[in-house]
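Accompanying notes for the structure given below.
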Amino acid sequence: MSRHAQENVASVLLLAVFIGIIWLCQDFGPRARMIPLPLAVAGIVLTLIQLVWHNFGSTEELQIDMISVEAPEMPAVEAPLERITQKKSAWRSESGAYGMVAILVAMVFILGLMPTAFLFTAGYFLLTGYCRPWQSLLYAGLLTGSMYLLFVVALQMQMYHGLLAPLFS
Amino acid sequence: MIDAISAGLLALLTPQAVLFLFLGVIYGLVIGILPGLGGVVAMALLLPFTYGFETAATLALLLGAHIATIWGDSVTSILYSVPGSAKGLALCFDGYPMTKKGQAKRALAASATGALFGGIIGAFFLALCIPLIRPVILALGPSEYLIMALWGLTVIATFGEGSLMKGLTASVLGVLVAFVGMDVVTATPRFTFGSDFLMDGISFPVAMIGLFAVSEMMKLTIKGVPIVDRTLVKEESTVMEGIKDAITHRWLVVRSSILGLWIGVLPGVGATVAGLAAYAQAVQTSKTPERFGKGAVEGVIAPDATMGANEGGGLMPTLAFGIPGGESMAILLVAFMGLGVVPGPDMLTKNLDLVFSMVWIIVIANIAVTIIGLGITPWLARLPSLQANLMVPIVLSVCFVGAYATRGHIEDVIVAAVFGVVGYLMDKYRYSRANFVIGMVLAVMIERNLHISMTLYGNDFLLDRPIALAMLMFVLITAALPFIRNWRRKKRQLASGVTAP
C-alpha cells in the first residue's frame, strides 16, 4: 500500500474513533460530556480537513516558524561509518516489531515478569546473534538480577508471577 | 524568598537526594551516549520510580537524568557524526570534523563547558523570573487558566514541527484519552466499557512509557540498530584547550544561552530548532564564518550553550502556568502530578522551595555532568565504536516491569504495549506524540477550571472575566494566524502571477 493510501486509512480510522466517542458520549450527563463531546466533534472536523487537504493540498504549509533565523548554508553532515545489523523488507521488520511486543506481553501473562525478562533478553541476544550463548545468558541473568534487587528487594514490590505460577507452588 | 532559596538547597542535601542526583546523572549520560535513546526515553523510564521517595530527591533523579542526556547526545554527534537524538544535529557540522583532525578531546571539553555555562545561565534566569512572574500568576483565576490551557493546546500545534491539522488532532486525542475513567465531578464512568481497571483511568506514567520508550524500541527494531564505528585518529588536543575555548568565547556562550532561554520559553519550539538556530547565530556573528563546517570550535560551543540554557527557559511556563513546552516538560508535569505537586499559583506560593530546589538541581546537575564529562573525555576520545543493540531487550523488559510497578496492576502491561504501538504509528504518520502528551496533561487543567469557572461565575463566565475574554481572543487569533498567513501568501502569488507577463 502506498504511503498516500496509508495516510488516508489512518485518517479514516481516526474518524471512526471520534464518531465512536460521540456515540459513547450520548450515555453521559450534560456536565460529563461538556468537554469530550465538542472535542470529538472538533476531532472529526480536523481529521476531515486533513483528509481533504492531504488529497487536494498540503497542510504542511500552514506551519509557522517562530524563530525565522536567517540561516546560513548549513554544512553537509558527513555520513558516519554506520552498519545496520538487520536489513529486511519494511513490512517484515514492522510485523517483527509488533510480534515482538505481542510475544513479550503474552510471556508476561503466562510466565510472570522476572522469568520473562530473563527469557526475552537471552532469547533476543541469541536470535539476533549479537553475542555468544554464554554471554546472552550472562547479560540476561545480570539484568534480571538487577531488576529483582531493585523492584523486589529495594522497592519491596509484590511481583506478578504469571498464569503458570499455581502449577509450581 | 531567601528562605525558599536556602530551603530549596537544604532539601537537596539529604543522602537520598544526593544519591538520586548522582544516579540520575550517570544514567542520563549512559542513555544519552547510546545512539537512538534520547532524554525523553530516559525520563519516561524513570517515571515508575517517582513514588514513595522525597519530592526533591525524585526531581533530582528526573532532572539530573534529563540534563545529563543533553551532553550525552552531543558525544555521539561529535565523535561519530551520529546525533543521539535530533537536537544533536548541529553538533555534527563542526564537532565531527574536529574529531577527524584529532581534536576530539578539545571538542568534547568545549561542548561540556559550553553546556555548563548555558545551564547555569538558564537556572539563573529561572530564579530571576520567579519573583517577577509571581504577582501575575497570583492575579489569574480559574477562567484565565482554562484559556491558557486551551492556548497551550493550540499554540504547540501551530508553532511545532509537522502538519498543523495532525498536531491539533493529536492534542484532541490526548485530551480525550485523559478522560478515560471515573469523572470526579459528576461521578460518571467515561469510556470504561464496564472495566473495573479502566475506572481508575489510564496511568500517565504507563502511557509515557509506552508512547516514548516502547515505541522507540520498536523503531530501533524496525530500522535496524546502528552500530557506529570510526577510524581512530591520533589525538592532538587536550581537555584544557576545550575549557579555555569556552571561556575565550564567553560572549558567544552568553548570546547562545539567551537564544536558548527564548526558545525554551516558547511552547512547541523544540531543542532541535534551538541547536540549529544557535549554530546559525554563531556563523553570522563570527568574523571568520568560512571556518565553520571545517572544525570551528564555536560551532560546538554555541549549540551546547543553547541547549543547556533551554531547560531553564522551558521550566518557566511549565512551573508557572502548567503549560509544558515539549515532551520532556510534559513528562516532568506527569511526575509532578504523581508527587501531588500542582503547577501554577500553588507552585509559587506553597511549593516555592521546590521551585528553587529545581533551580539548584539544574546548577548542580550541570556541574556534575561537566566534571564527569571532562573526566571521561580522554576515554571517550579513544572509543572506536558504540553498539545500541544491547538496549532493545533491556529497555523493553524494564518498560514492562516498570509499567506493572507503577500501580501493581498487570493490565498496565497491556496499556504500555498498546500505547507503544500507538506511539509508533503516530511517529510513523507524523501525528505529534508531544502534542498528544501535552493534551493528556492539560485535560485535567481544562476540565477542572471549566467546572470551577461555571460554578463561580455561571455559564457566561467569560463575560464576567474580561481578561479571560481578551485571552480567548488572543487564542483565536493565534489559531487563525497560519490560515491568514497562508491566504495572504496565495493572494500574493496569485497577484504576481496575474501581473507577470
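Identifiers in the C-alpha cells: chain A, B, ... in order shown; residue index from 1 per chain; ligand index from 1 in order shown.
If you count only C-alpha atoms and ignore residues fewer than 4 places along the chain from Tyr160 in chain A, what sits within 8 Å of it is Gly112 and Leu113 of chain A; Ile410 of chain B.
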- Please identify all polymer residues within 12 Å of Pro38 in chain A, counting only C-alpha atoms, omitting same-chain residues fewer than 4 positions from it, and present them as a ChimeraX atom specification. /A:18-19,21-22,25,30-34,42-45 /B:172,175-176
- Item | Contacts of Ile103 in chain A within 12 Å, only C-alpha atoms, excl. fewer than 6 positions in-chain, as a ChimeraX atom specification | /A:95-97,109-111,116-117,119-120,123-124 /B:396,414,417
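Nearest residue to chain A, choosing from B:Trp487, B:Phe93, B:Phe125, B:Phe212 and counting only C-alpha atoms: B:Phe93.
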- Item | Contacts of Leu48 in chain A within 10 Å, only C-alpha atoms, excl. fewer than 2 positions in-chain, as number ranges by chain | A: 11-12, 14-15, 42-46, 50-54; B: 165
- In Å, how far is it from CA of His66 in chain B to CA of Ala4 in chain B? 23.8 Å
- By how many Å are CA of Asn366 in chain B and CA of Met329 in chain B apart? 17.5 Å
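For the choices B:Tyr404, B:Thr221, B:Met473, B:Asp412, the atom-to-atom distance to Gly99 in chain A is smallest for B:Thr221 when using only C-alpha atoms.
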- Message: Can you pull out the residues contacting Phe461 in chain B? Cut-off 12 Å, using only C-alpha atoms, and skip same-chain residues under 5 positions away; I want them as a VMD selection string.
- Response: chain B and resid 141 to 144 146 to 147 449 to 456 466 to 469
- Backbone DSSP call of alpha helix (DSSP H) for range 361-501 of chain B, listed as a ChimeraX atom specification: /B:361-381,391-407,411-428,433-457,461-464,466-499
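Computed from the coordinates, the CA of Leu259 in chain B to CA of Ala335 in chain B distance equals 27.5 Å.
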- Item | Minimum-distance residue to Glu241 in chain B, chosen among B:Lys105, B:Thr188, B:Leu140, B:Glu290 (using only C-alpha atoms) | B:Lys105
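The residues of range 54-221 of chain B that DSSP assigns to strand (DSSP E or B) on this backbone come out as Gly181, Met182, Asp183, Thr188, Pro189 and Arg190 of chain B.
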For the residues in that selection, give me N, CA and C atoms as a PDB file, in the first residue's frame.
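Writing done, so here's result.pdb:
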```
ATOM      1  N   GLY B 181     -12.047   6.844  32.428  1.00  0.00           N
ATOM      2  CA  GLY B 181     -12.122   6.610  33.880  1.00  0.00           C
ATOM      3  C   GLY B 181     -13.269   7.349  34.521  1.00  0.00           C
ATOM      4  N   MET B 182     -13.293   7.315  35.842  1.00  0.00           N
ATOM      5  CA  MET B 182     -14.378   7.961  36.584  1.00  0.00           C
ATOM      6  C   MET B 182     -14.187   9.480  36.583  1.00  0.00           C
ATOM      7  N   ASP B 183     -15.244  10.204  36.157  1.00  0.00           N
ATOM      8  CA  ASP B 183     -15.208  11.663  36.197  1.00  0.00           C
ATOM      9  C   ASP B 183     -15.442  12.086  37.648  1.00  0.00           C
ATOM     10  N   THR B 188     -19.338  10.038  36.897  1.00  0.00           N
ATOM     11  CA  THR B 188     -19.767   9.253  35.731  1.00  0.00           C
ATOM     12  C   THR B 188     -18.580   8.464  35.189  1.00  0.00           C
ATOM     13  N   PRO B 189     -18.729   7.138  35.027  1.00  0.00           N
ATOM     14  CA  PRO B 189     -17.625   6.423  34.369  1.00  0.00           C
ATOM     15  C   PRO B 189     -17.627   6.732  32.864  1.00  0.00           C
ATOM     16  N   ARG B 190     -16.471   7.195  32.354  1.00  0.00           N
ATOM     17  CA  ARG B 190     -16.419   7.577  30.936  1.00  0.00           C
ATOM     18  C   ARG B 190     -15.444   6.662  30.185  1.00  0.00           C
TER      19      ARG B 190
END
```
